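Beneath this line is the structure, given in C-alpha cells, with notes to follow.
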Amino acid sequence: MHDPATSKHTIQQLLDSMGFAILATESAGQPHASLVAVTPFQGWRQLVFATYRDTQKYRNLMQNCRVSVLVDGCKASRGGAQEGFVVTAVGQARDISTEQHPAARQAHLQRHPDLASFLDSPDCVLVAVAVDTYQVVRSIDDVTWWTVDDLNTP
C-alpha cells in the first residue's frame, strides 16, 4: 500500500512532465475519447484544457460534466515490459470561471505556447476539470485510489 504523500508526489511528477492526456466524456450512453493538451492548475486539484465549443467533447460536457482524464506515464522497455505508471483523474468539467480565467490561460500558454492562436479564437473555451479522485496504476496488482482530500493530508 502506498501512502498519500508518495502518491501525491507520483501524481504531481507525472502531471508536471506530461503535456497531453486522454479526456473521456459521455453523452446518451455513448463514450467519447479525445486527446487534449492539459495543464495542471492549483496543484493536482484541477486540470485545464482548451477546446472549441463546436466539438463533440464540448457538447458532451454540456450534457454531462462528469469526466475522466488518463495521463500515461508508462514507457516500454527493450523486453516489451511496461515501466512507469498511469494516472486517471475523475471529476467534473466546467468552463473556467471569470476570476480564474487570466491565471489559467497564462498557465496553459506557458505550458503550451504553440496554442496561442487557438486560445485567441472566439470559439475556444478554457475548461477546468475539478478532480475528485485519482487512480494510480503501477501494475495489474498495484492500483490505488485517492481522493483529493486524502492527498491533501499532511
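Labels used: A, B, ... for chains in the order of the C-alpha cells, numbers from 1 for residues in each chain, and numbers from 1 for ligands as shown.
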9 Å contact set for region 32-39 of chain A, only C-alpha atoms, chain neighbours under 2 positions out, as a list in words: Leu15, Asp16, Met18, Gly19, Phe20, Ala21, Ile22, Leu23, Ala24, Thr25, Glu26, Ser27, Gln30, Phe41, Gln46, Leu47, Val48, Phe49, Ala50, Thr51, Gln56, Lys57, Asn60, Ala104, Ala107, His108, Arg111 and His112 of chain A
Residues within 12 Å of Asp149 (chain A), only C-alpha atoms, excluding chain neighbours under 6 positions, as a PyMOL selection string: chain A and resi 4-5+8+44-45+131-134
For the residues selected in the previous step, produce a file with all heavy atoms as a compact mmCIF listing (two decimals), in the first residue's frame.
# COMPACT_ATOMS: atom_id res chain seq x y z
N PRO A 4 -0.31 8.46 1.14
CA PRO A 4 -0.77 9.63 0.36
C PRO A 4 0.35 10.54 -0.09
O PRO A 4 0.31 11.06 -1.21
CB PRO A 4 -1.72 10.35 1.33
CG PRO A 4 -2.15 9.32 2.30
CD PRO A 4 -1.01 8.34 2.42
N ALA A 5 1.36 10.76 0.75
CA ALA A 5 2.45 11.68 0.37
C ALA A 5 3.21 11.15 -0.84
O ALA A 5 3.53 11.91 -1.76
CB ALA A 5 3.39 11.89 1.55
N LYS A 8 0.87 11.43 -3.87
CA LYS A 8 0.75 12.83 -4.28
C LYS A 8 1.97 13.24 -5.09
O LYS A 8 1.85 13.87 -6.15
CB LYS A 8 0.61 13.72 -3.05
CG LYS A 8 0.51 15.19 -3.36
CD LYS A 8 0.37 15.99 -2.07
CE LYS A 8 0.46 17.45 -2.30
NZ LYS A 8 0.36 18.23 -1.05
N TRP A 44 -2.65 19.69 -7.96
CA TRP A 44 -3.28 18.49 -8.52
C TRP A 44 -4.81 18.61 -8.50
O TRP A 44 -5.51 17.72 -8.90
CB TRP A 44 -2.86 17.25 -7.71
CG TRP A 44 -3.36 17.33 -6.30
CD1 TRP A 44 -4.53 16.81 -5.83
CD2 TRP A 44 -2.75 18.00 -5.21
NE1 TRP A 44 -4.69 17.13 -4.51
CE2 TRP A 44 -3.60 17.86 -4.10
CE3 TRP A 44 -1.57 18.71 -5.05
CZ2 TRP A 44 -3.31 18.40 -2.86
CZ3 TRP A 44 -1.29 19.24 -3.80
CH2 TRP A 44 -2.14 19.09 -2.73
N ARG A 45 -5.35 19.73 -8.04
CA ARG A 45 -6.79 19.89 -7.86
C ARG A 45 -7.57 20.11 -9.15
O ARG A 45 -8.74 19.74 -9.23
CB ARG A 45 -7.08 21.04 -6.91
CG ARG A 45 -6.57 20.78 -5.52
CD ARG A 45 -6.86 21.94 -4.60
NE ARG A 45 -6.43 21.66 -3.26
CZ ARG A 45 -7.10 20.94 -2.39
NH1 ARG A 45 -8.24 20.42 -2.72
NH2 ARG A 45 -6.62 20.72 -1.18
N VAL A 131 -10.88 17.90 -9.97
CA VAL A 131 -10.63 16.49 -9.70
C VAL A 131 -11.17 16.10 -8.33
O VAL A 131 -10.91 16.78 -7.33
CB VAL A 131 -9.12 16.17 -9.80
CG1 VAL A 131 -8.86 14.71 -9.49
CG2 VAL A 131 -8.59 16.55 -11.18
N ASP A 132 -11.93 15.00 -8.30
CA ASP A 132 -12.41 14.41 -7.04
C ASP A 132 -11.46 13.33 -6.55
O ASP A 132 -11.12 13.28 -5.37
CB ASP A 132 -13.80 13.78 -7.23
CG ASP A 132 -14.85 14.77 -7.68
OD1 ASP A 132 -14.84 15.91 -7.19
OD2 ASP A 132 -15.68 14.38 -8.53
N THR A 133 -11.08 12.45 -7.49
CA THR A 133 -10.23 11.30 -7.14
C THR A 133 -9.19 11.05 -8.22
O THR A 133 -9.39 11.42 -9.39
CB THR A 133 -11.05 10.01 -6.96
OG1 THR A 133 -11.78 9.74 -8.16
CG2 THR A 133 -12.01 10.10 -5.79
N TYR A 134 -8.11 10.40 -7.81
CA TYR A 134 -7.08 9.93 -8.71
C TYR A 134 -6.92 8.43 -8.53
O TYR A 134 -6.92 7.94 -7.40
CB TYR A 134 -5.72 10.59 -8.41
CG TYR A 134 -5.57 11.98 -8.94
CD1 TYR A 134 -5.72 13.08 -8.11
CD2 TYR A 134 -5.27 12.19 -10.28
CE1 TYR A 134 -5.56 14.37 -8.61
CE2 TYR A 134 -5.11 13.48 -10.78
CZ TYR A 134 -5.26 14.55 -9.94
OH TYR A 134 -5.10 15.82 -10.43
Filtered DSSP result for chain A, state alpha helix (DSSP H), as a PyMOL selection string: chain A and resi 4-17+56-63+101-111+116-120+148-152
Residue nearest Gln42 (chain A) - candidates A:Thr6, A:Gln100, A:Gln13, A:Asn64, atoms counted: only C-alpha atoms: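 Nearest to Gln42 (chain A): A:Gln100.
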For CA of Val129 (chain A) and CA of Leu115 (chain A), the interatomic separation in Å (one decimal): 18.9 Å
DSSP strand (DSSP E) selection over region 11-136 of chain A, as a PyMOL selection string: chain A and resi 20-27+30-37+39-41+46-52+66-72+75-76+82-83+86-95+124-136
Quick one: write out the picked residues with C-alpha atoms as a compact mmCIF listing (two decimals), in the first residue's frame?
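Output saved as again_22.txt:
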# COMPACT_ATOMS: atom_id res chain seq x y z
CA PHE A 20 -1.17 15.55 -23.18
CA ALA A 21 -3.88 13.31 -21.80
CA ILE A 22 -6.94 11.39 -22.94
CA LEU A 23 -10.23 13.00 -21.92
CA ALA A 24 -13.22 10.64 -21.66
CA THR A 25 -16.71 12.13 -21.93
CA GLU A 26 -20.13 10.58 -22.37
CA SER A 27 -23.47 11.54 -23.85
CA GLN A 30 -22.06 6.87 -25.94
CA PRO A 31 -18.47 7.27 -24.70
CA HIS A 32 -16.08 9.63 -26.46
CA ALA A 33 -12.29 9.90 -26.01
CA SER A 34 -10.24 12.93 -27.03
CA LEU A 35 -6.57 13.79 -26.93
CA VAL A 36 -6.16 17.14 -25.14
CA ALA A 37 -3.24 19.38 -24.21
CA THR A 39 -2.14 21.81 -17.76
CA PRO A 40 -2.25 21.12 -14.03
CA PHE A 41 -3.75 24.08 -12.20
CA GLN A 46 -7.65 20.99 -11.42
CA LEU A 47 -6.63 20.04 -14.94
CA VAL A 48 -7.12 22.69 -17.61
CA PHE A 49 -7.59 22.15 -21.34
CA ALA A 50 -8.95 24.18 -24.24
CA THR A 51 -11.49 23.17 -26.85
CA TYR A 52 -13.74 24.69 -29.46
CA ARG A 66 -18.54 14.01 -15.24
CA VAL A 67 -15.25 13.07 -16.97
CA SER A 68 -12.08 11.11 -16.56
CA VAL A 69 -8.64 12.15 -17.74
CA LEU A 70 -5.98 9.49 -18.33
CA VAL A 71 -2.33 10.50 -18.20
CA ASP A 72 0.05 7.78 -19.39
CA LYS A 75 7.39 3.52 -21.18
CA ALA A 76 8.03 0.25 -22.98
CA GLN A 82 5.91 -1.63 -19.23
CA GLU A 83 7.75 0.62 -16.82
CA VAL A 86 -0.78 5.53 -15.36
CA VAL A 87 -2.87 8.13 -13.53
CA THR A 88 -6.57 8.68 -14.13
CA ALA A 89 -8.25 11.77 -12.72
CA VAL A 90 -12.01 11.63 -12.19
CA GLY A 91 -14.02 14.79 -11.70
CA GLN A 92 -16.32 17.43 -13.09
CA ALA A 93 -15.51 19.68 -16.05
CA ARG A 94 -16.70 23.27 -16.21
CA ASP A 95 -15.79 26.39 -18.17
CA CYS A 124 -12.31 28.50 -27.98
CA VAL A 125 -13.18 27.89 -24.35
CA LEU A 126 -10.93 27.01 -21.42
CA VAL A 127 -12.25 24.14 -19.33
CA ALA A 128 -11.14 23.01 -15.88
CA VAL A 129 -11.65 19.52 -14.50
CA ALA A 130 -12.17 19.79 -10.75
CA VAL A 131 -10.63 16.49 -9.70
CA ASP A 132 -12.41 14.41 -7.04
CA THR A 133 -10.23 11.30 -7.14
CA TYR A 134 -7.08 9.93 -8.71
CA GLN A 135 -6.42 6.33 -9.63
CA VAL A 136 -2.74 5.37 -9.77
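Here CA of Gln106 (chain A) stands at a distance of 14.9 Å from CA of Gly43 (chain A).
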Straight-line distance linking CA of Ala103 (chain A) with CA of Ser17 (chain A), stated in Å to one decimal: 19.8 Å
